[in-house]
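Visitor: The structure file target_21.txt (compact mmCIF, C-alpha atoms) is provided below.
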```txt
# COMPACT_ATOMS: atom_id res chain seq x y z
CA MET C 1 0.00 0.00 0.00
CA ILE C 2 2.75 2.43 0.98
CA ILE C 3 4.92 1.51 -2.00
CA LYS C 4 1.92 1.92 -4.30
CA ASN C 5 1.34 5.39 -2.89
CA ILE C 6 5.01 6.37 -3.32
CA ILE C 7 4.94 5.24 -6.96
CA ARG C 8 1.69 7.14 -7.50
CA PHE C 9 3.25 10.26 -5.91
CA ILE C 10 6.29 10.18 -8.22
CA LEU C 11 4.20 9.42 -11.34
CA LEU C 12 1.65 12.16 -10.71
CA ILE C 13 4.22 14.85 -9.85
CA GLY C 14 6.23 13.77 -12.91
CA VAL C 15 3.24 13.95 -15.25
CA GLN C 16 2.31 17.32 -13.74
CA VAL C 17 5.65 19.12 -14.04
CA ILE C 18 6.96 17.45 -17.20
CA ILE C 19 3.80 17.29 -19.30
CA LEU C 20 0.80 19.20 -17.94
CA ASN C 21 2.70 22.32 -16.83
CA LYS C 22 4.06 22.69 -20.34
CA VAL C 23 0.89 22.04 -22.30
CA ASN C 24 -0.97 25.22 -23.15
CA PHE C 25 -4.59 24.20 -23.66
CA SER C 26 -5.79 27.81 -23.84
CA GLY C 27 -5.30 30.82 -21.60
CA TYR C 28 -7.92 29.54 -19.17
CA ILE C 29 -7.16 25.86 -18.74
CA ASP C 30 -4.36 24.65 -16.44
CA PRO C 31 -5.26 21.20 -15.11
CA TYR C 32 -3.56 20.14 -11.88
CA LEU C 33 -3.83 16.38 -11.92
CA TYR C 34 -1.41 15.90 -9.01
CA VAL C 35 -4.26 16.48 -6.51
CA LEU C 36 -5.33 12.91 -7.33
CA PHE C 37 -2.54 11.70 -5.02
CA VAL C 38 -4.15 13.38 -2.00
CA LEU C 39 -7.66 12.41 -3.15
CA LEU C 40 -6.71 8.70 -3.20
CA LEU C 41 -5.01 8.52 0.22
CA PRO C 42 -6.61 5.73 2.29
CA PHE C 43 -9.42 6.53 4.75
CA ALA C 44 -7.27 5.18 7.59
CA THR C 45 -4.58 7.85 7.03
CA ARG C 46 -4.20 9.90 10.21
CA LYS C 47 -5.42 13.45 9.75
CA SER C 48 -2.07 15.00 10.67
CA VAL C 49 -0.26 12.66 8.26
CA LEU C 50 -2.77 13.67 5.59
CA LEU C 51 -1.88 17.35 6.09
CA LEU C 52 1.86 16.67 6.04
CA LEU C 53 1.60 14.55 2.87
CA ALA C 54 -0.43 17.30 1.20
CA PHE C 55 2.23 19.80 2.22
CA LEU C 56 4.93 17.61 0.66
CA THR C 57 2.93 17.17 -2.55
CA GLY C 58 2.30 20.89 -2.95
CA ALA C 59 5.90 21.77 -2.09
CA ALA C 60 7.21 19.29 -4.71
CA VAL C 61 5.05 20.90 -7.42
CA ASP C 62 6.05 24.39 -6.22
CA VAL C 63 9.77 23.65 -6.43
CA PHE C 64 9.41 22.39 -10.00
CA SER C 65 7.11 25.11 -11.27
CA HIS C 66 8.73 28.08 -9.52
CA THR C 67 5.49 29.08 -7.83
CA HIS C 68 6.71 29.67 -4.25
CA GLY C 69 4.22 28.00 -1.91
CA VAL C 70 1.09 28.62 -3.98
CA HIS C 71 0.48 24.93 -4.62
CA THR C 72 1.51 24.08 -1.05
CA ALA C 73 -1.12 26.42 0.39
CA ALA C 74 -3.86 25.12 -1.93
CA THR C 75 -3.05 21.43 -1.38
CA VAL C 76 -2.89 21.78 2.43
CA PHE C 77 -6.30 23.49 2.22
CA LEU C 78 -7.62 20.53 0.21
CA ALA C 79 -6.34 18.08 2.82
CA PHE C 80 -7.90 20.16 5.58
CA LEU C 81 -11.34 19.91 3.93
CA GLN C 82 -11.00 16.24 2.94
CA PRO C 83 -12.13 14.53 6.21
CA GLY C 84 -15.12 16.87 6.45
CA ILE C 85 -16.17 16.20 2.84
CA ILE C 86 -15.90 12.44 3.41
CA ARG C 87 -18.14 12.74 6.49
CA LEU C 88 -20.56 14.96 4.60
CA LEU C 89 -20.90 12.53 1.68
CA SER C 90 -21.16 9.35 3.78
CA PRO C 91 -23.12 10.15 6.96
CA LYS C 92 -23.96 6.52 7.76
CA GLN C 93 -20.41 5.22 7.95
CA GLU C 94 -20.88 3.60 4.56
CA TYR C 95 -17.18 3.49 4.11
CA GLU C 96 -16.53 1.24 7.09
CA ASN C 97 -15.40 -1.61 4.91
CA ALA C 98 -13.80 0.53 2.25
CA LYS C 99 -10.10 1.30 2.38
CA GLN C 100 -9.64 4.01 -0.19
CA PRO C 101 -11.77 6.77 -1.72
CA SER C 102 -11.90 5.38 -5.26
CA ILE C 103 -14.56 4.67 -7.89
CA ARG C 104 -14.09 0.93 -7.40
CA GLU C 105 -14.83 1.02 -3.69
CA MET C 106 -17.22 3.95 -3.37
CA GLY C 107 -19.07 4.07 -6.68
CA VAL C 108 -19.06 6.63 -9.48
CA GLN C 109 -21.56 9.07 -7.98
CA TRP C 110 -19.84 9.27 -4.58
CA PHE C 111 -16.40 9.71 -6.13
CA TYR C 112 -17.66 12.28 -8.62
CA PHE C 113 -19.00 14.60 -5.90
CA TYR C 114 -16.00 13.94 -3.63
CA ALA C 115 -13.53 14.87 -6.38
CA LEU C 116 -15.61 17.81 -7.67
CA LEU C 117 -15.90 19.56 -4.29
CA LEU C 118 -12.24 19.14 -3.37
CA ILE C 119 -10.89 20.04 -6.82
CA VAL C 120 -12.98 23.23 -6.96
CA ALA C 121 -11.79 24.21 -3.45
CA HIS C 122 -8.16 23.53 -4.37
CA HIS C 123 -8.27 25.33 -7.73
CA SER C 124 -10.14 28.34 -6.31
CA LEU C 125 -7.51 29.02 -3.65
CA LEU C 126 -4.71 28.20 -6.10
CA PHE C 127 -5.76 30.64 -8.83
CA ILE C 128 -6.65 33.39 -6.34
CA LEU C 129 -3.21 33.15 -4.72
CA GLU C 130 -1.45 32.79 -8.05
CA SER C 131 -2.89 35.85 -9.78
CA PHE C 132 -3.50 37.88 -6.60
CA ARG C 133 -5.16 40.70 -8.45
CA PHE C 134 -8.85 41.35 -8.28
CA ASN C 135 -9.42 43.81 -11.11
CA ASP C 136 -10.35 41.03 -13.51
CA LEU C 137 -12.66 38.70 -11.60
CA MET C 138 -14.26 37.20 -14.72
CA THR C 139 -10.94 35.89 -16.02
CA LEU C 140 -10.22 34.46 -12.57
CA ALA C 141 -13.65 32.79 -12.44
CA TYR C 142 -13.24 31.30 -15.93
CA ARG C 143 -9.79 29.97 -15.05
CA ILE C 144 -11.14 28.31 -11.88
CA LEU C 145 -14.20 26.88 -13.65
CA PHE C 146 -12.55 25.50 -16.79
CA SER C 147 -9.41 24.22 -15.06
CA SER C 148 -11.48 22.45 -12.37
CA LEU C 149 -13.61 20.75 -15.02
CA VAL C 150 -10.60 19.55 -17.00
CA THR C 151 -8.85 18.29 -13.85
CA LEU C 152 -12.03 16.46 -12.84
CA VAL C 153 -12.35 14.80 -16.26
CA LEU C 154 -8.68 13.73 -16.15
CA VAL C 155 -9.12 12.35 -12.61
CA LEU C 156 -12.22 10.36 -13.64
CA ILE C 157 -10.53 9.01 -16.80
CA ILE C 158 -7.50 7.86 -14.81
CA GLN C 159 -9.74 6.26 -12.19
CA TYR C 160 -11.59 4.33 -14.92
CA LEU C 161 -8.35 3.26 -16.61
CA PHE C 162 -6.71 1.97 -13.45
CA SER C 163 -9.58 0.78 -11.29
CA ALA C 164 -10.38 -2.20 -13.51
CA LYS C 165 -6.89 -3.67 -13.35
CA LYS C 166 -6.19 -3.73 -9.62
CA MET Y 1 -1.60 22.85 31.89
CA ARG Y 2 -3.44 19.58 31.43
CA PHE Y 3 -6.40 21.53 30.16
CA LEU Y 4 -4.18 23.33 27.69
CA LEU Y 5 -2.70 20.06 26.45
CA ALA Y 6 -6.15 18.54 26.07
CA PHE Y 7 -7.24 21.63 24.19
CA LEU Y 8 -4.24 21.46 21.89
CA LYS Y 9 -4.79 17.78 21.29
CA LYS Y 10 -8.46 18.25 20.47
CA TYR Y 11 -7.71 20.88 17.88
CA ALA Y 12 -4.32 19.49 16.77
CA PHE Y 13 -5.58 18.98 13.23
CA PHE Y 14 -6.70 22.58 12.96
CA PHE Y 15 -3.48 23.96 14.46
CA LEU Y 16 -1.31 21.83 12.21
CA PHE Y 17 -3.37 23.13 9.27
CA LEU Y 18 -2.75 26.73 10.38
CA VAL Y 19 0.98 26.14 10.85
CA LEU Y 20 1.39 24.51 7.42
CA GLU Y 21 -0.63 27.23 5.70
CA ALA Y 22 1.47 29.86 7.47
CA VAL Y 23 4.66 28.20 6.18
CA ALA Y 24 3.26 28.16 2.62
CA LEU Y 25 2.19 31.81 2.82
CA LEU Y 26 5.56 32.89 4.22
CA TRP Y 27 7.21 31.06 1.37
CA MET Y 28 5.03 33.03 -1.07
CA ILE Y 29 5.70 36.38 0.58
CA ASN Y 30 9.45 35.93 1.03
CA ARG Y 31 10.10 34.61 -2.42
CA HIS Y 32 12.69 37.21 -3.28
CA ASP Y 33 14.85 36.53 -0.23
CA TYR Y 34 14.22 32.86 -0.68
CA GLN Y 35 15.66 32.85 -4.16
CA ARG Y 36 18.98 34.04 -2.88
CA SER Y 37 19.16 31.39 -0.19
CA VAL Y 38 21.01 28.11 -0.21
CA LEU Y 39 17.80 26.15 -0.45
CA SER Y 40 17.04 27.76 -3.79
CA ASN Y 41 20.48 26.85 -5.01
CA MET Y 42 19.92 23.22 -4.12
CA SER Y 43 16.46 23.03 -5.62
CA ALA Y 44 17.62 24.76 -8.80
CA SER Y 45 20.40 22.18 -9.20
CA PHE Y 46 17.95 19.34 -8.69
CA THR Y 47 15.11 20.61 -10.87
CA GLY Y 48 17.65 21.75 -13.45
CA THR Y 49 19.05 18.24 -13.76
CA VAL Y 50 15.56 16.79 -14.23
CA PHE Y 51 14.60 19.42 -16.80
CA THR Y 52 17.87 18.87 -18.70
CA VAL Y 53 17.07 15.18 -19.11
CA VAL Y 54 13.55 15.97 -20.33
CA ASN Y 55 14.88 18.69 -22.60
CA ASN Y 56 17.45 16.36 -24.17
CA ILE Y 57 14.59 14.14 -25.23
CA THR Y 58 12.18 16.82 -26.45
CA ASP Y 59 14.91 18.76 -28.29
CA TYR Y 60 14.79 16.29 -31.16
CA ALA Y 61 11.22 17.21 -31.93
CA SER Y 62 12.08 20.82 -32.72
CA LEU Y 63 15.42 20.35 -34.49
CA GLY Y 64 14.06 21.25 -37.91
CA ARG Y 65 12.55 24.55 -36.79
CA GLU Y 66 15.59 25.44 -34.67
CA ASN Y 67 17.84 24.84 -37.63
CA LYS Y 68 15.84 27.29 -39.70
CA THR Y 69 15.93 29.98 -36.98
CA LEU Y 70 19.69 29.57 -36.53
CA HIS Y 71 20.16 29.76 -40.26
CA GLU Y 72 18.23 33.03 -40.43
CA GLU Y 73 20.16 34.44 -37.52
CA ASN Y 74 23.48 33.50 -39.13
CA ALA Y 75 22.43 35.27 -42.29
CA ARG Y 76 21.51 38.40 -40.37
CA LEU Y 77 24.80 38.44 -38.46
CA ARG Y 78 26.73 37.94 -41.65
CA ASN Y 79 24.98 40.99 -43.07
CA MET Y 80 25.92 42.97 -40.00
CA LEU Y 81 29.58 42.03 -40.40
CA LEU Y 82 29.60 43.20 -44.02
CA ALA Y 83 27.73 46.38 -43.20
CA SER Y 84 30.20 47.39 -40.49
CA ALA Y 85 33.59 46.73 -42.03
CA PRO Y 86 36.59 47.66 -39.86
CA ARG Y 87 37.21 51.37 -39.74
CA HIS Y 88 40.78 51.12 -38.48
CA GLU Y 89 43.69 49.15 -39.77
CA ASN Y 90 44.32 47.56 -36.37
CA ASP Y 91 40.79 46.19 -36.00
CA THR Y 92 40.61 42.43 -35.68
CA ILE Y 93 37.72 40.03 -35.51
CA ALA Y 94 37.87 37.83 -32.43
CA SER Y 95 37.15 34.27 -33.43
CA ASP Y 96 34.80 33.54 -30.54
CA THR Y 97 32.74 36.71 -30.68
CA LEU Y 98 30.37 38.42 -33.03
CA LEU Y 99 31.69 41.93 -32.55
CA TYR Y 100 34.88 43.73 -33.42
CA VAL Y 101 37.60 44.11 -30.85
CA THR Y 102 39.35 47.40 -31.30
CA PRO Y 103 42.61 48.41 -29.72
CA ASP Y 104 41.26 51.97 -29.76
CA SER Y 105 39.94 52.79 -26.30
CA SER Y 106 37.08 54.83 -27.75
CA HIS Y 107 35.60 51.59 -29.07
CA ARG Y 108 35.38 49.87 -25.73
CA ARG Y 109 33.23 46.79 -25.67
CA GLN Y 110 30.44 46.81 -23.09
CA TYR Y 111 28.31 43.71 -23.71
CA VAL Y 112 29.19 40.03 -24.06
CA TYR Y 113 26.72 37.40 -25.28
CA GLU Y 114 26.67 33.97 -23.66
CA PRO Y 115 24.78 31.34 -25.69
CA VAL Y 116 22.35 29.32 -23.55
CA SER Y 117 19.69 26.68 -24.01
CA PHE Y 118 16.22 27.14 -22.46
CA ILE Y 119 15.39 24.02 -20.50
CA HIS Y 120 12.10 25.05 -18.94
CA ASN Y 121 9.51 27.61 -19.94
CA SER Y 122 5.83 28.31 -19.49
CA VAL Y 123 3.47 30.79 -21.13
CA HIS Y 124 0.01 30.33 -19.64
CA LYS Y 125 0.56 31.17 -15.96
CA PRO Y 126 0.03 34.69 -14.55
CA ASN Y 127 3.76 34.67 -13.67
CA ASN Y 128 5.99 32.76 -16.05
CA TYR Y 129 9.65 31.85 -15.60
CA ILE Y 130 12.35 30.44 -17.87
CA MET Y 131 15.14 28.13 -16.74
CA ILE Y 132 18.43 28.07 -18.65
CA ASP Y 133 21.26 25.55 -18.69
CA LYS Y 134 24.10 27.79 -17.50
CA GLY Y 135 24.73 29.41 -14.13
CA SER Y 136 27.42 31.10 -12.06
CA GLU Y 137 30.00 28.75 -13.59
CA TYR Y 138 29.70 30.80 -16.79
CA GLY Y 139 29.54 34.11 -14.92
CA ILE Y 140 25.75 34.43 -15.13
CA LYS Y 141 24.35 36.68 -12.41
CA GLU Y 142 21.10 38.29 -11.35
CA ASP Y 143 19.82 41.23 -13.44
CA MET Y 144 21.38 40.11 -16.70
CA GLY Y 145 19.23 40.24 -19.82
CA LEU Y 146 17.99 37.18 -21.72
CA ILE Y 147 17.21 37.30 -25.45
CA ASN Y 148 16.72 34.82 -28.25
CA SER Y 149 17.26 35.26 -31.95
CA GLU Y 150 13.87 36.98 -32.30
CA GLY Y 151 13.95 39.48 -29.42
CA VAL Y 152 13.95 40.13 -25.68
CA THR Y 153 12.64 37.24 -23.57
CA GLY Y 154 13.45 37.92 -19.90
CA ILE Y 155 15.74 38.93 -17.04
CA ILE Y 156 17.83 36.58 -14.85
CA ILE Y 157 16.56 36.57 -11.26
CA SER Y 158 18.41 33.71 -9.55
CA LYS Y 159 21.23 31.30 -10.27
CA SER Y 160 22.96 28.18 -9.03
CA LYS Y 161 26.28 26.80 -10.23
CA HIS Y 162 24.96 25.17 -13.38
CA PHE Y 163 21.51 26.72 -13.90
CA ALA Y 164 19.66 30.01 -13.70
CA TRP Y 165 16.03 31.13 -13.55
CA ALA Y 166 14.87 34.11 -15.56
CA MET Y 167 11.68 36.08 -15.16
CA SER Y 168 9.95 35.88 -18.53
CA LEU Y 169 8.47 39.00 -20.15
CA LEU Y 170 5.25 37.05 -19.57
CA ASN Y 171 5.24 37.88 -15.87
CA SER Y 172 2.95 40.30 -14.07
CA ASN Y 173 5.93 41.59 -12.05
CA ILE Y 174 7.97 42.58 -15.08
CA LYS Y 175 8.58 46.27 -15.75
CA LEU Y 176 11.04 46.93 -18.52
CA SER Y 177 12.09 50.30 -19.86
CA ALA Y 178 11.46 50.48 -23.63
CA LYS Y 179 11.05 53.01 -26.42
CA ILE Y 180 9.38 53.42 -29.78
CA LYS Y 181 12.19 53.24 -32.25
CA LYS Y 182 11.08 55.89 -34.74
CA ASN Y 183 10.62 58.76 -32.27
CA ASN Y 184 12.51 57.60 -29.15
CA GLN Y 185 9.46 57.98 -26.89
CA LEU Y 186 10.16 56.19 -23.59
CA GLY Y 187 7.66 53.84 -21.99
CA THR Y 188 7.35 50.78 -19.77
CA ILE Y 189 6.66 47.19 -20.83
CA GLU Y 190 4.16 45.18 -18.79
CA TRP Y 191 2.11 42.03 -19.21
CA ASP Y 192 -1.58 41.73 -18.41
CA GLY Y 193 -1.44 37.96 -17.85
CA LYS Y 194 -3.82 36.96 -20.65
CA ASP Y 195 -2.27 36.20 -24.02
CA HIS Y 196 1.34 35.08 -24.46
CA ARG Y 197 1.53 36.82 -27.84
CA TYR Y 198 0.67 40.33 -26.67
CA GLY Y 199 2.11 42.74 -24.10
CA MET Y 200 1.36 46.30 -23.01
CA LEU Y 201 3.48 49.42 -23.43
CA THR Y 202 2.43 52.23 -21.09
CA ASP Y 203 3.56 55.77 -20.22
CA ILE Y 204 3.84 56.96 -23.84
CA PRO Y 205 2.54 60.56 -23.83
CA ALA Y 206 -0.47 61.32 -26.04
CA HIS Y 207 1.24 64.07 -28.04
CA SER Y 208 3.50 61.63 -29.86
CA THR Y 209 2.30 59.75 -32.92
CA VAL Y 210 2.19 55.98 -32.69
CA ASN Y 211 0.88 53.77 -35.48
CA LYS Y 212 0.19 50.10 -35.89
CA GLY Y 213 3.35 48.28 -36.96
CA ASP Y 214 5.79 50.64 -35.22
CA THR Y 215 8.80 48.91 -33.70
CA ILE Y 216 9.35 48.76 -29.93
CA VAL Y 217 12.97 48.30 -28.78
CA THR Y 218 14.94 48.38 -25.52
CA SER Y 219 15.84 51.87 -24.33
CA GLY Y 220 19.39 51.14 -23.21
CA TYR Y 221 18.82 53.21 -20.07
CA SER Y 222 18.92 50.22 -17.76
CA GLN Y 223 22.11 48.22 -17.34
CA VAL Y 224 20.31 45.04 -18.39
CA PHE Y 225 19.94 45.38 -22.16
CA PRO Y 226 21.92 47.32 -24.75
CA GLU Y 227 19.97 49.85 -26.80
CA ASP Y 228 17.77 48.90 -29.77
CA ILE Y 229 17.11 45.22 -29.13
CA LEU Y 230 13.75 44.26 -30.62
CA ILE Y 231 10.86 43.70 -28.19
CA GLY Y 232 7.79 43.79 -30.44
CA THR Y 233 5.58 45.65 -32.88
CA VAL Y 234 2.61 47.88 -32.09
CA GLU Y 235 -0.73 46.16 -32.62
CA GLU Y 236 -3.36 48.49 -31.16
CA VAL Y 237 -3.19 52.04 -29.75
CA THR Y 238 -5.79 53.37 -27.31
CA LEU Y 239 -5.75 56.77 -25.63
CA ASN Y 240 -6.15 56.83 -21.85
CA LYS Y 241 -7.85 60.22 -21.55
CA GLY Y 242 -7.61 60.45 -17.75
CA ILE Y 243 -3.80 60.63 -17.70
CA ASN Y 244 -3.30 61.65 -21.35
CA MET Y 245 -1.13 58.65 -22.09
CA TYR Y 246 -1.41 55.89 -24.66
CA ALA Y 247 -2.04 52.30 -23.67
CA ILE Y 248 -0.37 50.36 -26.46
CA ARG Y 249 -0.97 46.69 -27.11
CA PHE Y 250 1.93 45.13 -28.97
CA ARG Y 251 2.90 41.76 -30.37
CA TYR Y 252 6.07 40.22 -28.90
CA ALA Y 253 8.87 39.65 -31.39
CA ALA Y 254 9.77 36.41 -29.60
CA ASP Y 255 7.32 33.52 -29.90
CA PHE Y 256 7.35 32.51 -26.23
CA ASN Y 257 5.59 29.26 -26.98
CA SER Y 258 8.58 27.96 -28.92
CA ILE Y 259 11.86 29.23 -27.53
CA ASP Y 260 14.75 26.80 -27.20
CA TYR Y 261 18.00 28.72 -27.57
CA GLY Y 262 19.10 32.24 -26.70
CA TYR Y 263 21.77 34.48 -25.24
CA VAL Y 264 22.43 35.97 -21.82
CA ILE Y 265 23.73 39.54 -22.11
CA LYS Y 266 26.55 40.36 -19.71
CA ASN Y 267 27.25 44.02 -19.09
CA LEU Y 268 30.99 44.33 -18.42
CA TYR Y 269 30.61 47.72 -16.77
CA VAL Y 270 27.62 47.11 -14.53
CA ASP Y 271 29.61 47.31 -11.27
CA GLU Y 272 31.42 50.44 -12.38
CA ILE Y 273 28.17 52.15 -13.37
CA ASP Y 274 26.49 51.09 -10.12
CA SER Y 275 29.38 52.38 -8.04
CA ILE Y 276 29.17 55.91 -9.43
CA SER Y 277 25.39 56.25 -9.47
CA THR Y 278 24.56 58.29 -6.40
CA ILE Y 279 20.91 58.56 -7.36
CA GLU Y 280 18.48 55.71 -6.96
CA LYS Y 281 18.93 52.82 -9.38
CA PRO Y 282 16.85 53.21 -12.56
CA VAL Y 283 13.98 50.84 -13.31
CA ARG Y 284 15.72 47.61 -14.02
CA GLN Y 285 12.94 45.10 -14.48
```
Turn this file's structure into structure tokens for me.
Guide:
Amino acid sequence: MIIKNIIRFILLIGVQVIILNKVNFSGYIDPYLYVLFVLLLPFATRKSVLLLLAFLTGAAVDVFSHTHGVHTAATVFLAFLQPGIIRLLSPKQEYENAKQPSIREMGVQWFYFYALLLIVAHHSLLFILESFRFNDLMTLAYRILFSSLVTLVLVLIIQYLFSAKK
Amino acid sequence: MRFLLAFLKKYAFFFLFLVLEAVALLWMINRHDYQRSVLSNMSASFTGTVFTVVNNITDYASLGRENKTLHEENARLRNMLLASAPRHENDTIASDTLLYVTPDSSHRRQYVYEPVSFIHNSVHKPNNYIMIDKGSEYGIKEDMGLINSEGVTGIIISKSKHFAWAMSLLNSNIKLSAKIKKNNQLGTIEWDGKDHRYGMLTDIPAHSTVNKGDTIVTSGYSQVFPEDILIGTVEEVTLNKGINMYAIRFRYAADFNSIDYGYVIKNLYVDEIDSISTIEKPVRQ
């Protein structure tokens, strides 16, 4: 389990900084697929470990993309919301037998809402901190909206591709 | 005390969240000091090595286009050599440089060009940076200019032994002194963070005439770039009536989406000029 997570960490950060950071989809779309690493951490992960892992993930992306703590702040925020979102989506302890928040274990609908809420929260804080100017709120809103949607689609595609094999 | 510990334990998650967010925000705020620190040096060496490997692979894809650009540049330089034949008998052409070396002290050379390869670049962020494959080993320092064969691309902001980061012209923090070539009107280059093909030239007074297609070049008033290096061409001129200045939208000469090779411009007299300037340093970014 731990080794699998380490491999996933390296792969996702690699794909992010080597491919996705360089691809210019349009001025508004910057997908940040690396959040999938934090999204897929097992339910049993201690909350403090969750925060520290999110910090590490964000810091790794920051170092490679020269963004100085912007990704770190957004990813730690995502990890902070994660336990609450899980509780919100599964009030009856439905996930007692499940190990990991994935499509395979939790179903498409559950995972869709789980990923949507957290990705929008992450991208909102990220783009606000990154641009840090409020004279053009429409551009900011479009960036958050379109980038979140593309990240979500990528996350769902990858979940479909890899959930069948395991 | 026990109560305090229990309190801390109960809200440990929240406090840890606050601490980690504070660290991230401090990192954001102190980025300029941070860049000069040892940590930056280490991370630049590490990320630089990774980007070099990736770049070695992706370089093959753009060889054809690069070849063409280099060919064009060679042709232009050759023209320059012919156009400026030696004026003195003692003039010689140094084999490793593109300019004449004159024994005459009135023809003192001020700028040296260091060829570099761009190993990382982005165009669609609000603040874009370029990483190059040479660092302090080749004498590259902060505040040196970065150009490619097409025009100005950025300014060096931090370096390690083998690599350096430059702030791209596509960065909301960039402020570069520039002028309109035909009438020498001075202005400032900025970027509005939207389109990587277009930038803004501000502070051009409304009494001057500016037309679409006019050339924008470096002013030569900062110690970063020599005079008359191409930046872009005017695309759209609008009058800002409140301050009686033009807001000029221009197209960058450099295609930031496909830059692979360029030159760092070293100013040989930067320390000397700095040491005698008693007034505040001019706008350098």
Visitor: Find the residues around region 153-159 of chain Y up to 8 Å (all atoms listed in the file counted), leave out those fewer than 4 positions away in its own chain, and share them as a ChimeraX atom specification.
Guide: /Y:35-36,41,44,130,135-136,140-148,163-169,224,254,256,285
Visitor: Do you know which residues are at most 12 Å from Tyr252 (chain Y) counting all atoms listed in the file, after dropping those on the same chain fewer than 3 positions away, and could you put them as a ChimeraX atom specification?
Guide: /Y:148,150-154,168-170,189-191,195-201,213,215-217,230-235,249,255-257
Visitor: Using all atoms listed in the file and a cut-off of 8 Å, which residues of chain Y sit close to chain C? Please list them as a compact mmCIF listing (two decimals) with C-alpha atoms, keeping the file's coordinate frame.
Guide:
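So out-v3.txt came out as:
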```
# COMPACT_ATOMS: atom_id res chain seq x y z
CA ALA Y 12 -4.32 19.49 16.77
CA PHE Y 13 -5.58 18.98 13.23
CA PHE Y 14 -6.70 22.58 12.96
CA LEU Y 16 -1.31 21.83 12.21
CA PHE Y 17 -3.37 23.13 9.27
CA LEU Y 20 1.39 24.51 7.42
CA GLU Y 21 -0.63 27.23 5.70
CA ALA Y 24 3.26 28.16 2.62
CA LEU Y 25 2.19 31.81 2.82
CA LEU Y 26 5.56 32.89 4.22
CA TRP Y 27 7.21 31.06 1.37
CA MET Y 28 5.03 33.03 -1.07
CA ARG Y 31 10.10 34.61 -2.42
CA SER Y 43 16.46 23.03 -5.62
CA THR Y 47 15.11 20.61 -10.87
CA PHE Y 51 14.60 19.42 -16.80
CA VAL Y 54 13.55 15.97 -20.33
CA ASN Y 121 9.51 27.61 -19.94
CA SER Y 122 5.83 28.31 -19.49
CA VAL Y 123 3.47 30.79 -21.13
CA HIS Y 124 0.01 30.33 -19.64
CA PRO Y 126 0.03 34.69 -14.55
CA ASN Y 127 3.76 34.67 -13.67
CA TYR Y 129 9.65 31.85 -15.60
CA LYS Y 194 -3.82 36.96 -20.65
CA ASP Y 195 -2.27 36.20 -24.02
```
Visitor: In terms of the shortest atom-to-atom distance over only C-alpha atoms, which of C:Leu89, C:Leu137, C:Ile119, C:Leu126 is closest to Val150 (chain C)?
Guide: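 For Val150 (chain C), the nearest of the candidates is C:Ile119.
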Visitor: Which residue gives the smallest distance to Leu145 (chain C) among C:Pro31, C:Ser102, C:Phe43, C:Gly84, with only C-alpha atoms counted?
Guide: C:Pro31
Visitor: Could you tell me how far CA of Phe162 (chain C) lies from CA of Arg8 (chain C), in Å and to one decimal?
Guide: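 Atom-to-atom, CA of Phe162 (chain C) and CA of Arg8 (chain C) are spaced 11.5 Å apart.
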Visitor: C:Leu20, C:Asn135, C:Glu105, C:Leu12: which is nearest Pro42 (chain C), counting all atoms listed in the file?
Guide: C:Glu105
Visitor: Would you mind telling me which residue in C:Ser90, C:Ser124, C:Gln159, C:Asn5 lies nearest to Ile144 (chain C) when using only C-alpha atoms?
Guide: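 Among the listed residues, the smallest separation from Ile144 (chain C) belongs to C:Ser124.
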Visitor: Which distance in Å separates CA of Ile229 (chain Y) and CA of Asn173 (chain Y), to one decimal?
Guide: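 Atom-to-atom, CA of Ile229 (chain Y) and CA of Asn173 (chain Y) are spaced 20.7 Å apart.
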Visitor: Can you tell me which residues surround Leu41 (chain C) at a distance of at most 9 Å, considering only C-alpha atoms, apart from same-chain residues fewer than 3 positions away, and format the answer as a ChimeraX atom specification?
Guide: /C:5,36-38,44-45,50,100-101
Visitor: Quick one, how far is CA of Tyr269 (chain Y) from CA of Gln110 (chain Y)?
Guide: 6.4 Å
Visitor: Show me as a list of chain:residue names the residues that reach within 12 Å of (29.4, 25.6, -18.2), counting only C-alpha atoms and using the file's own coordinates.
Guide: Y:Glu114, Y:Pro115, Y:Val116, Y:Ser117, Y:Ile132, Y:Asp133, Y:Lys134, Y:Gly135, Y:Ser136, Y:Glu137, Y:Tyr138, Y:Gly139, Y:Ile140, Y:Ser160, Y:Lys161, Y:His162, Y:Phe163, Y:Ala164
Visitor: Kindly output region 115-119 of chain C as an mmCIF file, in the coordinates of the input, after building N, CA and C atoms.
Guide:
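What ended up in rebuild.cif:
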```
data_model
loop_
_atom_site.group_PDB
_atom_site.id
_atom_site.type_symbol
_atom_site.label_atom_id
_atom_site.label_comp_id
_atom_site.auth_asym_id
_atom_site.auth_seq_id
_atom_site.Cartn_x
_atom_site.Cartn_y
_atom_site.Cartn_z
ATOM 1 N N ALA C 115 -14.610 14.240 -5.608
ATOM 2 C CA ALA C 115 -13.530 14.870 -6.380
ATOM 3 C C ALA C 115 -13.925 16.293 -6.782
ATOM 4 N N LEU C 116 -15.156 16.487 -7.212
ATOM 5 C CA LEU C 116 -15.610 17.810 -7.670
ATOM 6 C C LEU C 116 -15.429 18.862 -6.575
ATOM 7 N N LEU C 117 -15.963 18.569 -5.372
ATOM 8 C CA LEU C 117 -15.900 19.560 -4.290
ATOM 9 C C LEU C 117 -14.458 19.911 -3.946
ATOM 10 N N LEU C 118 -13.618 18.883 -3.796
ATOM 11 C CA LEU C 118 -12.240 19.140 -3.370
ATOM 12 C C LEU C 118 -11.423 19.818 -4.464
ATOM 13 N N ILE C 119 -11.650 19.428 -5.721
ATOM 14 C CA ILE C 119 -10.890 20.040 -6.820
ATOM 15 C C ILE C 119 -11.259 21.519 -6.951
#
```
